[in-house]
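Presented below is the structure to which this report refers.
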Amino acid sequence: MSFNHAVVWIDHKEAHVIHFNAEASENEVIKTKSTHPHLHHKSGVIGSGRFGSDQGYLHDVILAVAEAKEILIVGPGSAKLDLVKHANHHDAKVAQKIVGIETVDHPTDPQLLAFARQTFLKVDRMKGDQF
């Protein structure tokens, strides 16, 4: 089945990828292989207080959405921005397909799909496309 849209909900531990069109959807969960704990910056400590992003994990997410025509990236923290930076640096074709970046807490997959469908309806209307 051909899916036109993809939504990625991502944090630093896992990504939920949903490919969908007007009639159907397909879900996938991608988990990081990194074992680094999430660190917070502490006052008086040199450095950022956090490890760099797991580039292999971000690459796996980019590969998962590479065939989509339009991509929406959402998540609660900075991982969504790390994913966009990774796409811009390593896969410009995928980066050009990103139509939005939104802050979204921790939805269930059905809630994420409903949010993405609403967002893409708005995007497609603005572009004059059919969903």
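Identifiers in this document derive from the order of the structure tokens: chains are assigned A, B, ..., residues are numbered from 1 separately in each chain, and ligands are numbered from 1 in order of occurrence.
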
Can you pull out the residues contacting Leu63 (chain A)? Cut-off 12 Å, using only C-alpha atoms, and skip same-chain residues under 2 positions away; I want them as JSON, numbers by chain. {"A": [6, 8, 17, 30, 56, 57, 58, 59, 60, 61, 65, 66, 67, 68, 83, 86, 87, 90, 91, 93, 94, 95]}

Item checked: Residues near Asp105 (chain A), cut-off 9 Å, only C-alpha atoms, skip fewer than 3 positions along chain, as a PyMOL selection string -> chain A and resi 74-77

Going by DSSP on the backbone, which residues of chain A come out as alpha helix (DSSP H)? List them as a PyMOL selection string.
chain A and resi 55-65+79-90+92-95+109-127
